[in-house]
Each structure stands twice: as C-alpha cells, then as structure tokens.
>>> print(open('my_file-v3.txt').read())   # compact mmCIF, C-alpha atoms
# COMPACT_ATOMS: atom_id res chain seq x y z
CA MET A 282 99.38 15.02 -148.18
CA SER A 283 102.70 13.82 -146.83
CA ALA A 284 104.84 12.05 -149.39
CA ALA A 285 106.42 9.91 -146.67
CA TYR A 286 106.43 6.31 -147.74
CA THR A 287 107.72 2.92 -146.67
CA VAL A 288 108.77 0.19 -149.07
CA VAL A 289 107.97 -3.44 -148.27
CA ILE A 290 109.97 -6.11 -150.10
CA PRO A 291 108.98 -9.75 -149.48
CA ALA A 292 111.98 -11.90 -150.31
CA PHE A 293 112.47 -15.65 -150.59
CA ASP A 294 115.82 -17.04 -151.77
CA ALA A 295 116.43 -13.75 -153.53
CA ALA A 296 120.09 -13.14 -152.73
CA ASP A 297 120.91 -12.82 -156.43
CA THR A 298 118.43 -10.04 -157.14
CA LEU A 299 117.51 -8.33 -153.86
CA GLY A 300 120.46 -5.94 -154.01
CA GLU A 301 119.32 -4.57 -157.37
CA ALA A 302 115.79 -4.20 -156.06
CA ILE A 303 116.93 -2.26 -152.98
CA ARG A 304 119.27 -0.05 -155.02
CA SER A 305 116.38 0.87 -157.30
CA VAL A 306 114.50 2.08 -154.20
CA LEU A 307 117.46 4.07 -152.92
CA GLU A 308 117.80 5.71 -156.35
CA GLN A 309 114.25 7.08 -156.32
CA THR A 310 114.03 10.83 -156.96
CA VAL A 311 111.75 10.95 -153.91
CA PRO A 312 113.55 8.82 -151.31
CA PRO A 313 111.74 6.45 -148.92
CA ASP A 314 111.39 6.95 -145.19
CA ALA A 315 111.93 3.27 -144.55
CA ILE A 316 112.64 0.02 -146.40
CA ILE A 317 111.44 -3.22 -144.82
CA VAL A 318 112.67 -6.52 -146.23
CA ILE A 319 110.72 -9.55 -145.04
CA ASP A 320 112.92 -12.62 -145.40
CA ASP A 321 110.38 -15.39 -145.92
CA GLY A 322 112.50 -18.21 -144.53
CA SER A 323 115.17 -18.07 -147.22
CA GLY A 324 117.88 -20.70 -147.36
CA ASP A 325 120.35 -18.51 -149.22
CA GLY A 326 122.05 -15.25 -148.29
CA THR A 327 118.96 -13.06 -148.70
CA GLY A 328 119.18 -11.68 -145.15
CA ALA A 329 122.86 -10.82 -145.55
CA VAL A 330 122.14 -8.88 -148.75
CA ALA A 331 119.56 -6.80 -146.86
CA THR A 332 121.75 -6.12 -143.82
CA ALA A 333 124.66 -5.07 -146.06
CA PHE A 334 122.68 -1.88 -146.75
CA GLY A 335 123.05 -0.91 -143.09
CA PRO A 336 120.42 1.18 -141.30
CA ALA A 337 118.68 2.09 -144.58
CA VAL A 338 117.05 -1.35 -144.58
CA THR A 339 115.11 -3.05 -141.79
CA LEU A 340 115.30 -6.83 -142.03
CA VAL A 341 112.52 -8.97 -140.58
CA ARG A 342 112.78 -12.74 -140.70
CA GLN A 343 109.81 -15.09 -140.69
CA ASP A 344 109.30 -18.80 -141.23
CA ASN A 345 108.45 -19.52 -144.85
CA ALA A 346 104.78 -18.67 -145.29
CA GLY A 347 104.44 -17.28 -148.81
CA PRO A 348 104.70 -13.92 -150.55
CA GLY A 349 101.32 -12.69 -149.38
CA ALA A 350 102.07 -13.45 -145.74
CA ALA A 351 105.47 -11.80 -146.04
CA MET A 352 103.97 -8.74 -147.70
CA SER A 353 101.31 -8.50 -144.98
CA ASN A 354 103.93 -8.86 -142.27
CA GLY A 355 105.77 -5.90 -143.74
CA LEU A 356 102.71 -3.75 -144.38
CA ALA A 357 101.56 -4.20 -140.78
CA ARG A 358 104.79 -2.47 -139.72
CA VAL A 359 104.39 0.59 -141.93
CA ALA A 360 104.17 3.85 -139.97
CA THR A 361 104.14 6.30 -142.90
CA PRO A 362 100.97 7.46 -144.69
CA LEU A 363 101.98 5.67 -147.89
CA ALA A 364 103.24 2.16 -148.53
CA ALA A 365 104.74 0.71 -151.69
CA THR A 366 105.65 -2.90 -152.39
CA LEU A 367 108.28 -4.47 -154.58
CA ASP A 368 109.10 -8.05 -155.51
CA ALA A 369 112.68 -8.95 -154.65
CA ASP A 370 113.50 -9.86 -158.26
CA ASP A 371 112.10 -6.70 -159.85
CA VAL A 372 113.36 -3.11 -159.98
CA TRP A 373 111.73 0.29 -159.98
CA LEU A 374 112.50 3.04 -162.45
CA PRO A 375 113.86 6.19 -160.71
CA GLN A 376 110.70 8.34 -161.17
CA LYS A 377 108.31 5.64 -160.00
CA MET A 378 107.54 6.97 -156.55
CA ALA A 379 107.54 10.64 -157.55
CA ARG A 380 104.92 9.90 -160.18
CA GLN A 381 102.76 7.64 -158.01
CA ILE A 382 102.84 10.01 -155.03
CA ARG A 383 101.73 12.82 -157.31
CA LEU A 384 98.92 10.64 -158.69
CA LEU A 385 97.74 9.82 -155.19
CA GLU A 386 97.77 13.53 -154.35
CA ASP A 387 95.96 14.53 -157.53
CA THR A 388 93.28 11.84 -157.59
CA ALA A 389 92.66 10.97 -153.93
CA ALA A 390 92.81 7.32 -155.04
CA ASP A 391 93.49 4.64 -152.45
CA ALA A 392 96.09 2.90 -154.58
CA VAL A 393 97.86 3.48 -157.87
CA PHE A 394 99.49 1.01 -160.25
CA GLY A 395 101.60 1.54 -163.35
CA GLN A 396 102.80 -0.43 -166.33
CA VAL A 397 105.80 -2.71 -166.15
CA ARG A 398 108.33 -3.71 -168.77
CA LEU A 399 109.62 -7.26 -168.79
CA PHE A 400 113.37 -7.70 -168.73
CA ALA A 401 116.01 -10.39 -168.50
CA GLY A 402 119.59 -10.27 -167.31
CA ASP A 403 121.06 -7.59 -165.07
CA ALA A 404 118.92 -4.61 -164.19
CA ALA A 405 121.94 -2.41 -164.97
CA ASP A 406 122.12 -3.76 -168.52
CA PRO A 407 118.73 -5.30 -169.18
CA ARG A 408 117.41 -6.97 -172.28
CA HIS A 409 113.97 -5.43 -172.57
CA GLY A 410 110.73 -7.19 -173.35
CA ARG A 411 107.17 -6.10 -173.77
CA VAL A 412 105.26 -3.61 -171.66
CA MET A 413 102.28 -4.99 -169.79
CA PRO A 414 99.71 -3.79 -167.25
CA GLY A 415 101.14 -3.82 -163.75
CA TRP A 416 98.33 -4.99 -161.49
CA LEU A 417 101.19 -6.33 -159.42
CA ARG A 418 102.95 -5.92 -156.09
CA THR A 419 105.93 -4.31 -157.83
CA ALA A 420 103.89 -1.53 -159.41
CA MET A 421 101.64 -0.61 -156.46
CA THR A 422 101.66 2.35 -154.10
CA MET A 423 98.80 2.72 -151.66
CA ARG A 424 97.61 4.57 -148.64
CA ARG A 425 98.40 2.64 -145.50
CA THR A 426 94.72 2.94 -144.55
CA LEU A 427 93.79 0.74 -147.51
CA PHE A 428 95.77 -2.19 -146.17
CA GLN A 429 94.25 -1.64 -142.75
CA ALA A 430 90.77 -1.71 -144.30
CA ILE A 431 91.22 -4.73 -146.58
CA GLY A 432 93.40 -6.87 -144.33
CA PRO A 433 96.13 -9.40 -145.03
CA VAL A 434 97.14 -10.71 -148.42
CA GLU A 435 96.28 -14.40 -148.32
CA ASP A 436 98.42 -17.02 -150.05
CA PRO A 437 96.33 -19.61 -151.86
CA PRO A 438 97.69 -23.11 -152.53
CA GLY A 439 100.18 -22.86 -155.38
CA ARG A 440 101.33 -19.46 -154.17
CA ARG A 441 100.07 -17.65 -157.21
CA GLY A 442 97.08 -15.35 -157.38
CA GLU A 443 97.40 -13.74 -153.97
CA MET A 444 97.51 -10.26 -155.49
CA VAL A 445 94.58 -11.08 -157.81
CA ASP A 446 92.52 -11.94 -154.75
CA TRP A 447 93.65 -8.96 -152.66
CA ILE A 448 93.21 -6.36 -155.42
CA LYS A 449 89.78 -7.77 -156.23
CA ARG A 450 88.75 -7.64 -152.59
CA ALA A 451 89.91 -4.03 -152.44
CA GLN A 452 87.97 -3.15 -155.60
CA GLU A 453 84.83 -4.81 -154.24
CA SER A 454 85.18 -2.85 -151.02
CA GLY A 455 84.78 0.33 -153.03
CA ALA A 456 88.42 1.38 -152.92
CA THR A 457 89.57 3.60 -155.77
CA MET A 458 92.44 1.85 -157.54
CA ILE A 459 93.80 3.46 -160.66
CA HIS A 460 96.19 2.15 -163.27
CA ASP A 461 98.53 4.62 -164.91
CA ASP A 462 99.89 4.24 -168.45
CA GLU A 463 103.45 5.14 -167.50
CA VAL A 464 106.04 2.37 -167.18
CA VAL A 465 107.19 2.52 -163.56
CA ALA A 466 109.10 -0.71 -163.03
CA LEU A 467 110.96 -3.56 -164.69
CA ARG A 468 109.69 -7.08 -164.12
CA ARG A 469 112.28 -9.80 -164.31
CA ILE A 470 111.79 -12.90 -166.41
CA ARG A 471 113.41 -15.92 -164.85
CA ALA A 472 112.55 -19.41 -166.03
CA GLY A 473 111.29 -21.42 -163.09
CA SER A 474 110.46 -18.42 -160.92
CA LEU A 475 107.25 -18.44 -158.90
CA SER A 476 105.40 -16.41 -161.52
CA SER A 477 106.85 -17.81 -164.74
CA GLY A 478 105.04 -20.03 -167.20
CA ARG A 479 102.06 -22.37 -167.02
CA ASP A 480 102.22 -24.65 -164.00
CA PRO A 481 99.11 -26.64 -163.10
CA GLU A 482 99.94 -26.76 -159.40
CA ARG A 483 100.87 -23.09 -159.07
CA ASP A 484 98.02 -21.96 -161.31
CA LYS A 485 95.58 -23.46 -158.82
CA GLY A 486 96.08 -20.28 -156.83
CA TYR A 487 94.05 -18.39 -159.43
CA LEU A 488 91.24 -20.92 -159.08
CA TYR A 489 91.11 -20.22 -155.35
CA ALA A 490 90.91 -16.49 -156.10
CA ALA A 491 88.09 -17.18 -158.54
CA ARG A 492 86.27 -19.44 -156.08
CA ALA A 493 86.53 -16.76 -153.40
CA ALA A 494 85.07 -14.20 -155.84
CA ILE A 495 82.17 -16.56 -156.64
CA LEU A 496 81.39 -17.08 -152.96
CA ARG A 497 81.49 -13.33 -152.27
CA ARG A 498 79.21 -12.77 -155.26
CA ARG A 499 76.68 -15.26 -153.93
CA THR A 500 76.49 -13.47 -150.62
CA GLY A 501 76.95 -9.96 -152.02
CA GLY A 502 74.87 -10.05 -155.17
CA THR A 503 77.08 -8.87 -158.05
CA GLY A 504 76.21 -10.65 -161.28
CA ALA A 505 77.87 -12.74 -163.93
CA SER A 506 78.95 -11.16 -167.21
CA MET B 1350 80.60 -34.83 -181.57
CA PRO B 1351 78.52 -37.33 -179.61
CA ASP B 1352 81.06 -40.15 -179.93
CA THR B 1353 84.12 -38.12 -179.03
CA VAL B 1354 85.89 -38.41 -175.71
CA PHE B 1355 86.90 -34.99 -174.35
CA GLU B 1356 89.59 -33.77 -172.01
CA LEU B 1357 90.39 -30.52 -170.27
CA ASN B 1358 92.02 -28.01 -172.64
CA ARG B 1359 95.33 -27.96 -170.77
CA PRO B 1360 97.53 -26.11 -170.05
CA ASP B 1361 95.50 -22.95 -170.70
CA VAL B 1362 92.47 -24.33 -168.87
CA VAL B 1363 92.74 -25.41 -165.26
CA THR B 1364 90.08 -26.62 -162.88
CA GLU B 1365 89.53 -27.47 -159.27
CA SER B 1366 86.56 -28.88 -157.39
CA PHE B 1367 85.52 -27.08 -154.23
CA ASP B 1368 83.02 -29.05 -152.15
CA GLY B 1369 81.77 -30.71 -155.33
CA GLU B 1370 81.52 -27.46 -157.29
CA PHE B 1371 83.98 -26.96 -160.13
CA VAL B 1372 85.68 -23.70 -160.99
CA VAL B 1373 87.22 -23.71 -164.47
CA LEU B 1374 89.64 -21.00 -165.52
CA ASP B 1375 90.97 -20.16 -168.96
CA LEU B 1376 94.35 -18.60 -168.23
CA SER B 1377 94.66 -17.34 -171.81
CA SER B 1378 91.69 -15.00 -171.33
CA GLY B 1379 91.42 -14.74 -167.55
CA VAL B 1380 87.76 -15.74 -167.85
CA TYR B 1381 86.47 -18.28 -165.34
CA PHE B 1382 83.39 -20.44 -165.18
CA ALA B 1383 81.16 -22.11 -162.63
CA PHE B 1384 78.32 -24.53 -163.16
CA GLN B 1385 74.76 -24.38 -162.00
CA GLY B 1386 72.55 -27.34 -161.23
CA SER B 1387 73.76 -30.67 -162.57
CA GLY B 1388 76.53 -29.02 -164.57
CA ASN B 1389 79.06 -30.24 -162.03
CA ALA B 1390 78.01 -33.88 -162.47
CA ILE B 1391 78.08 -33.65 -166.27
CA PHE B 1392 81.44 -31.87 -166.35
CA GLN B 1393 82.91 -34.45 -164.00
CA ALA B 1394 81.64 -37.28 -166.18
CA LEU B 1395 83.13 -35.69 -169.31
CA GLU B 1396 86.45 -35.16 -167.53
CA GLN B 1397 86.46 -38.82 -166.57
CA GLY B 1398 86.05 -39.90 -170.16
CA ALA B 1399 82.31 -40.23 -170.67
CA ARG B 1400 81.20 -39.51 -174.23
CA PRO B 1401 78.53 -36.84 -174.71
CA GLY B 1402 76.42 -39.31 -176.68
CA ASP B 1403 76.47 -41.80 -173.81
CA ILE B 1404 75.48 -39.14 -171.28
CA LEU B 1405 72.62 -37.91 -173.45
CA ALA B 1406 71.50 -41.47 -174.23
CA ALA B 1407 71.37 -42.26 -170.52
CA LEU B 1408 69.19 -39.20 -169.95
CA GLU B 1409 66.98 -40.14 -172.90
CA THR B 1410 66.48 -43.68 -171.61
CA ALA B 1411 65.60 -42.39 -168.17
CA GLY B 1412 63.11 -39.92 -169.60
CA ASN B 1413 65.10 -37.13 -167.93
CA ALA B 1414 63.53 -33.72 -168.55
CA HIS B 1415 66.91 -31.98 -168.77
CA ARG B 1416 68.34 -33.83 -171.76
CA ALA B 1417 68.14 -30.81 -174.08
CA ALA B 1418 69.67 -28.54 -171.47
CA ALA B 1419 72.46 -31.08 -170.98
CA ALA B 1420 73.17 -31.10 -174.72
CA ASP B 1421 73.31 -27.30 -174.74
CA PHE B 1422 75.58 -27.34 -171.71
CA ILE B 1423 78.06 -29.71 -173.35
CA ASP B 1424 78.00 -27.60 -176.52
CA ALA B 1425 78.74 -24.54 -174.40
CA LEU B 1426 81.75 -26.24 -172.79
CA ILE B 1427 83.11 -27.07 -176.24
CA SER B 1428 82.38 -23.60 -177.65
CA ALA B 1429 84.17 -21.97 -174.72
CA ARG B 1430 87.10 -24.28 -175.46
CA LEU B 1431 87.18 -25.55 -171.90
CA ILE B 1432 87.34 -29.11 -173.25
CA ARG B 1433 88.78 -30.54 -176.45
CA PRO B 1434 88.79 -33.95 -178.15
CA ALA B 1435 91.02 -36.17 -176.05
CA ALA B 1436 94.25 -37.65 -177.30
CA ASN B 1437 93.12 -40.93 -175.79
CA GLN B 1438 89.73 -41.83 -177.26
CA GLN B 1439 89.19 -44.74 -174.86
CA ALA B 1440 85.74 -43.99 -173.43
CA ASN B 1441 84.86 -44.54 -169.80
CA ALA B 1442 82.58 -47.56 -169.81
CA ALA B 1443 80.87 -46.67 -166.54
CA PRO B 1444 77.20 -45.85 -167.20
CA PHE B 1445 76.26 -42.24 -166.60
CA PRO B 1446 73.90 -41.94 -163.62
CA ALA B 1447 70.94 -40.08 -165.11
CA ALA B 1448 69.63 -39.44 -161.61
CA ALA B 1449 72.55 -37.04 -161.11
CA VAL B 1450 70.79 -34.66 -163.50
CA ALA B 1451 67.97 -33.58 -161.20
CA THR B 1452 68.21 -29.94 -162.21
CA ALA B 1453 69.06 -28.23 -165.49
CA PRO B 1454 72.79 -27.68 -165.99
CA ALA B 1455 74.04 -24.21 -166.86
CA LEU B 1456 77.36 -22.52 -167.43
CA GLU B 1457 78.15 -19.27 -165.62
CA ARG B 1458 80.86 -17.08 -167.15
CA PHE B 1459 82.78 -14.40 -165.25
CA ASP B 1460 85.31 -11.92 -166.56
CA ASP B 1461 85.72 -9.71 -163.50
CA LEU B 1462 89.20 -11.08 -162.72
CA ALA B 1463 90.44 -11.19 -166.30
CA GLU B 1464 92.52 -8.02 -166.21
CA LEU B 1465 94.18 -9.06 -162.97
CA ILE B 1466 94.83 -12.67 -163.99
CA LEU B 1467 96.23 -11.71 -167.38
CA ALA B 1468 98.72 -9.37 -165.69
CA ASP B 1469 99.87 -11.83 -163.07
CA PRO B 1470 101.89 -14.75 -164.46
CA ILE B 1471 104.76 -14.31 -166.86
CA HIS B 1472 103.88 -16.29 -169.93
CA ASP B 1473 106.07 -18.94 -171.44
CA ALA B 1474 106.06 -16.96 -174.67
CA ASP B 1475 107.85 -14.08 -172.96
CA ALA B 1476 110.60 -16.33 -171.68
CA ASP B 1477 110.92 -18.16 -174.99
CA ARG B 1478 110.62 -15.25 -177.40
CA GLY B 1479 113.78 -14.16 -179.14
CA TRP B 1480 115.32 -11.22 -177.32
CA PRO B 1481 116.52 -9.42 -180.47
CA LEU B 1482 112.88 -9.16 -181.49
CA MET B 1483 111.95 -7.76 -178.11
CA ALA B 1484 114.84 -5.32 -178.00
CA GLU B 1485 113.04 -3.04 -180.46
CA ALA B 1486 110.48 -2.34 -177.76
CA LYS B 1487 113.14 -0.64 -175.69
>>> encode(input="my_file-v3.txt", output="structure tokens")
Amino acid sequence: MSAAYTVVIPAFDAADTLGEAIRSVLEQTVPPDAIIVIDDGSGDGTGAVATAFGPAVTLVRQDNAGPGAAMSNGLARVATPLAATLDADDVWLPQKMARQIRLLEDTAADAVFGQVRLFAGDAADPRHGRVMPGWLRTAMTMRRTLFQAIGPVEDPPGRRGEMVDWIKRAQESGATMIHDDEVVALRRIRAGSLSSGRDPERDKGYLYAARAAILRRRTGGTGAS
Amino acid sequence: MPDTVFELNRPDVVTESFDGEFVVLDLSSGVYFAFQGSGNAIFQALEQGARPGDILAALETAGNAHRAAAADFIDALISARLIRPAANQQANAAPFPAAAVATAPALERFDDLAELILADPIHDADADRGWPLMAEAK
C-alpha cells in the first residue's frame, strides 16, 4: 500500500493556532504529499497563516458553513490513497502518521484513530492533561475510499456532533474502524472553543446525531440496548 | 414522589423534540433515550410542570388502561436521572389530557453512540482542573 497521504485542516478564526497545527504536520517522520487548509470564512488572519507556509500548503476559502462542511470540502480534493484530518487548534505528535499508516497496512482497516492528550498553552511548551479516546477528526487517518463511500460530514445545528454522526454512519456501513491505544495527538483546551464545556445550544448537535441514528435504526432494524 | 414537580436534569441532560418525538441525551454517559407510544405526551407534560400525581389521577379518573404503564414510565425517567425535582415547585395547573395516553408509554435506551459522544466535547472539569495535578500525567 502506498503511504502517500493528504492532510485536511478545517480552520475557522484559527490564526493563533493554525501555524502550530501545520508545523506538527510538517514535522511528521513520514511527510505528507499535500496539506489542504479549508478556511471556513474566517474573519481573522487564518488564510495568511496558511499561505505563509508557501507551496507546502494549499489554501481553499469557503463561506462559513461549519467544520463538517469544511472537512468535506477538503476531503473531496484528496488525490492520495490516504487522508488524515486535523483540527486547526490541535497538534499531532511526530510519529502519528508513521504509526497510523503502518496500522492501516497491517490491519486492512478503513480508518484508524488513536488516543489524544489534552493540553493547554503553547504546543511547544504544553501543560498536559489527561489522555482520552480520540474518536475525533484530529486523531483519524482513513482510506480516501471510505470518505467516498460514506459521503460528506454533515454539520448539525449547534455545530457539535458532526464527527459522532459521520463515524457512526461509517460503522453502520460495515467499515472497519479501529482505535489504537497510542497517544497520537494533543488536543487543545480553550475555554469558549467550539468543543469546550456544556452548552445547551451547541450540545443540540449530539441530539441530531442521536435522532439520525434512531431513524436509521427504524428503517434498518438494529435494536436498542 | 407524586406531588413533586420535575425538571430536566440540566446541564448533563439535553432534549429536543423532532416532529413531536423527543430525544433525550445524558451527556455524562453518552446514553440517549426515545419514547414509545404516549411517552412523548407524558414527558412533555412533566417538562411543563405537571406533577406525576396529577397525571396519574387524570388517567385514573378517565379509566385509562395505561395508568400503571404511565407510573412505571415516570419512575423510569426518574431512575435514569433524566429528570429531577424542580427548583421551582409551582405546578402547572393545566389539567393533563388523559386522551393523550392512547397507547402504553415506554422508554427506549440506546448506548451505541456513548463512546463517540463521551470522546467529543471537552468537559468543563478539564478546563477547570488544576494544572499542577494534571502535570503528573505527562
């Protein structure tokens, strides 16, 4: 299997952190073939941060549509056999891609995920938090064919839960998705970020993912626990 | 607790109605729930401040065949900690429409998204926890 991979980074108002995210890609022991940053209608200097990396980074701008739409926009442009995704405020550890490519080769899985460690502050001098399962954009590497089979990542109202819905749809389709015990990335804690803390409006996104699962179950026949 | 007014167990529990059907999610466990039959009508009444005793009394008066199932359903909501005694014990005076309970209510529980939902948001505790404590995990 070719180890050629493309990295897709959806970014919204991420000028403060995108540079660290991109550097963590460039520092991989197995380098990427391409890096695509989707600027999701940012109002800050996100695009300028991406273009400062020169030809190593392809910048695509879109009107603000949500992280799932931005991720899908990027994944649709991937020409390599493998695609990996990264949130613009997180960073990869240097061995992340080497390990996940090897896992994809060894297991024939459609996608692999790894653990993430929470951190605060600068990625270069982080204050570390707990390790948690990384069923997340930042910790995922997949075969491009999986995205083609499952289709776009849909943003529910609240703009949370889009990965819950997409991963679940992939699992229900019969895709093999494995989660590795190794810590492969650092996940940034920022108060007020899209994914931080309880927020009744944002948390509605998970309810839409749950509702979609219920409706699929009614038509598909998998049972309650 | 027939005379207690209940409320949604926020912020861990969130709910949304889709075409009249509620989905209730406990973010602390990632487990979500849906209701069968008249469960939606009973849950909505409880959320709007109806007391369990008033709901069950309305069913009793109407000779509704699903009174026992309704009592079990309300107990199940409380046991699952989807609802809790409300801070405001002012009951909704509107009479419960017993005719809304035309079928037995039931609670459906699903844990197939739990692993994914638990991994997704960053919890307040992680942002609030003292960093010196967390540094030992490094």
>>> residues_around(input="my_file-v3.txt", residues="segment 385-398 of chain A", least_positions_apart="2", cutoff="8 Å", atoms="only C-alpha atoms", output="ChimeraX atom specification")
/A:282,381-383,400,409-417,420-424,427,456-468
>>> residues_around(input="my_file-v3.txt", residues="segment 1386-1392 of chain B", least_positions_apart="5", cutoff="7 Å", atoms="only C-alpha atoms", output="short mmCIF file (atom, residue, chain, number, x, y, z; two decimals) with C-alpha atoms, keeping the file's coordinate frame")
data_model
loop_
_atom_site.label_atom_id
_atom_site.label_comp_id
_atom_site.auth_asym_id
_atom_site.auth_seq_id
_atom_site.Cartn_x
_atom_site.Cartn_y
_atom_site.Cartn_z
CA GLU B 1370 81.52 -27.46 -157.29
CA PHE B 1371 83.98 -26.96 -160.13
CA ALA B 1449 72.55 -37.04 -161.11
CA VAL B 1450 70.79 -34.66 -163.50
CA ALA B 1451 67.97 -33.58 -161.20
CA THR B 1452 68.21 -29.94 -162.21
CA ALA B 1453 69.06 -28.23 -165.49
CA PRO B 1454 72.79 -27.68 -165.99
CA ALA B 1455 74.04 -24.21 -166.86
#
>>> residues_around(input="my_file-v3.txt", residues="Ser1378 of chain B", least_positions_apart="3", cutoff="8 Å", atoms="all atoms listed in the file", output="list in words")
Asp1375, Ala1463 and Leu1467 of chain B
>>> closest_residue(input="my_file-v3.txt", among="A:Leu399, A:Ile431, A:Ala404, A:Ile303", to="chain B", atoms="all atoms listed in the file")
A:Leu399
>>> atom_distance(input="my_file-v3.txt", atom1="atom CA of Val289 of chain A", atom2="atom CA of Ile317 of chain A")
4.9 Å
>>> decode(input="my_file-v3.txt", residues="segment 1371-1380 of chain B", atoms="all heavy atoms", output="PDB file, in the first residue's frame")
ATOM      1  N   PHE B1371     -39.540  13.154  21.239  1.00  0.00           N
ATOM      2  CA  PHE B1371     -38.380  13.640  21.980  1.00  0.00           C
ATOM      3  C   PHE B1371     -37.189  12.687  21.838  1.00  0.00           C
ATOM      4  O   PHE B1371     -37.360  11.466  21.786  1.00  0.00           O
ATOM      5  CB  PHE B1371     -38.706  13.771  23.472  1.00  0.00           C
ATOM      6  CG  PHE B1371     -39.574  14.953  23.789  1.00  0.00           C
ATOM      7  CD1 PHE B1371     -40.951  14.823  23.860  1.00  0.00           C
ATOM      8  CD2 PHE B1371     -39.000  16.203  24.000  1.00  0.00           C
ATOM      9  CE1 PHE B1371     -41.751  15.917  24.138  1.00  0.00           C
ATOM     10  CE2 PHE B1371     -39.801  17.300  24.286  1.00  0.00           C
ATOM     11  CZ  PHE B1371     -41.179  17.162  24.352  1.00  0.00           C
ATOM     12  N   VAL B1372     -36.012  13.276  21.784  1.00  0.00           N
ATOM     13  CA  VAL B1372     -34.768  12.541  22.023  1.00  0.00           C
ATOM     14  C   VAL B1372     -34.148  13.185  23.255  1.00  0.00           C
ATOM     15  O   VAL B1372     -34.084  14.413  23.355  1.00  0.00           O
ATOM     16  CB  VAL B1372     -33.801  12.639  20.826  1.00  0.00           C
ATOM     17  CG1 VAL B1372     -32.487  11.918  21.143  1.00  0.00           C
ATOM     18  CG2 VAL B1372     -34.439  12.052  19.574  1.00  0.00           C
ATOM     19  N   VAL B1373     -33.763  12.371  24.215  1.00  0.00           N
ATOM     20  CA  VAL B1373     -33.168  12.861  25.459  1.00  0.00           C
ATOM     21  C   VAL B1373     -31.783  12.239  25.584  1.00  0.00           C
ATOM     22  O   VAL B1373     -31.631  11.024  25.438  1.00  0.00           O
ATOM     23  CB  VAL B1373     -34.034  12.486  26.684  1.00  0.00           C
ATOM     24  CG1 VAL B1373     -33.461  13.120  27.949  1.00  0.00           C
ATOM     25  CG2 VAL B1373     -35.482  12.921  26.478  1.00  0.00           C
ATOM     26  N   LEU B1374     -30.796  13.062  25.829  1.00  0.00           N
ATOM     27  CA  LEU B1374     -29.409  12.598  25.865  1.00  0.00           C
ATOM     28  C   LEU B1374     -28.773  12.967  27.196  1.00  0.00           C
ATOM     29  O   LEU B1374     -28.862  14.110  27.642  1.00  0.00           O
ATOM     30  CB  LEU B1374     -28.621  13.248  24.720  1.00  0.00           C
ATOM     31  CG  LEU B1374     -27.096  13.138  24.761  1.00  0.00           C
ATOM     32  CD1 LEU B1374     -26.643  11.688  24.631  1.00  0.00           C
ATOM     33  CD2 LEU B1374     -26.480  13.985  23.651  1.00  0.00           C
ATOM     34  N   ASP B1375     -28.150  11.975  27.817  1.00  0.00           N
ATOM     35  CA  ASP B1375     -27.363  12.223  29.021  1.00  0.00           C
ATOM     36  C   ASP B1375     -25.901  12.345  28.592  1.00  0.00           C
ATOM     37  O   ASP B1375     -25.238  11.349  28.286  1.00  0.00           O
ATOM     38  CB  ASP B1375     -27.559  11.064  30.007  1.00  0.00           C
ATOM     39  CG  ASP B1375     -26.801  11.283  31.317  1.00  0.00           C
ATOM     40  OD1 ASP B1375     -25.987  12.239  31.387  1.00  0.00           O
ATOM     41  OD2 ASP B1375     -27.008  10.504  32.252  1.00  0.00           O
ATOM     42  N   LEU B1376     -25.405  13.570  28.574  1.00  0.00           N
ATOM     43  CA  LEU B1376     -24.043  13.810  28.090  1.00  0.00           C
ATOM     44  C   LEU B1376     -22.992  13.205  29.013  1.00  0.00           C
ATOM     45  O   LEU B1376     -21.855  12.966  28.594  1.00  0.00           O
ATOM     46  CB  LEU B1376     -23.800  15.322  27.963  1.00  0.00           C
ATOM     47  CG  LEU B1376     -24.560  16.007  26.819  1.00  0.00           C
ATOM     48  CD1 LEU B1376     -24.657  17.498  27.075  1.00  0.00           C
ATOM     49  CD2 LEU B1376     -23.871  15.739  25.487  1.00  0.00           C
ATOM     50  N   SER B1377     -23.355  12.943  30.271  1.00  0.00           N
ATOM     51  CA  SER B1377     -22.368  12.390  31.209  1.00  0.00           C
ATOM     52  C   SER B1377     -22.097  10.917  30.929  1.00  0.00           C
ATOM     53  O   SER B1377     -21.060  10.394  31.315  1.00  0.00           O
ATOM     54  CB  SER B1377     -22.834  12.585  32.651  1.00  0.00           C
ATOM     55  OG  SER B1377     -23.951  11.766  32.932  1.00  0.00           O
ATOM     56  N   SER B1378     -23.027  10.258  30.262  1.00  0.00           N
ATOM     57  CA  SER B1378     -22.844   8.834  29.942  1.00  0.00           C
ATOM     58  C   SER B1378     -22.827   8.579  28.442  1.00  0.00           C
ATOM     59  O   SER B1378     -22.385   7.519  27.997  1.00  0.00           O
ATOM     60  CB  SER B1378     -23.978   8.006  30.566  1.00  0.00           C
ATOM     61  OG  SER B1378     -25.223   8.364  29.980  1.00  0.00           O
ATOM     62  N   GLY B1379     -23.315   9.527  27.669  1.00  0.00           N
ATOM     63  CA  GLY B1379     -23.436   9.324  26.223  1.00  0.00           C
ATOM     64  C   GLY B1379     -24.639   8.472  25.838  1.00  0.00           C
ATOM     65  O   GLY B1379     -24.829   8.154  24.663  1.00  0.00           O
ATOM     66  N   VAL B1380     -25.442   8.086  26.832  1.00  0.00           N
ATOM     67  CA  VAL B1380     -26.630   7.268  26.575  1.00  0.00           C
ATOM     68  C   VAL B1380     -27.790   8.186  26.188  1.00  0.00           C
ATOM     69  O   VAL B1380     -27.962   9.257  26.769  1.00  0.00           O
ATOM     70  CB  VAL B1380     -27.002   6.438  27.825  1.00  0.00           C
ATOM     71  CG1 VAL B1380     -28.327   5.713  27.630  1.00  0.00           C
ATOM     72  CG2 VAL B1380     -25.887   5.436  28.137  1.00  0.00           C
TER      73      VAL B1380
END
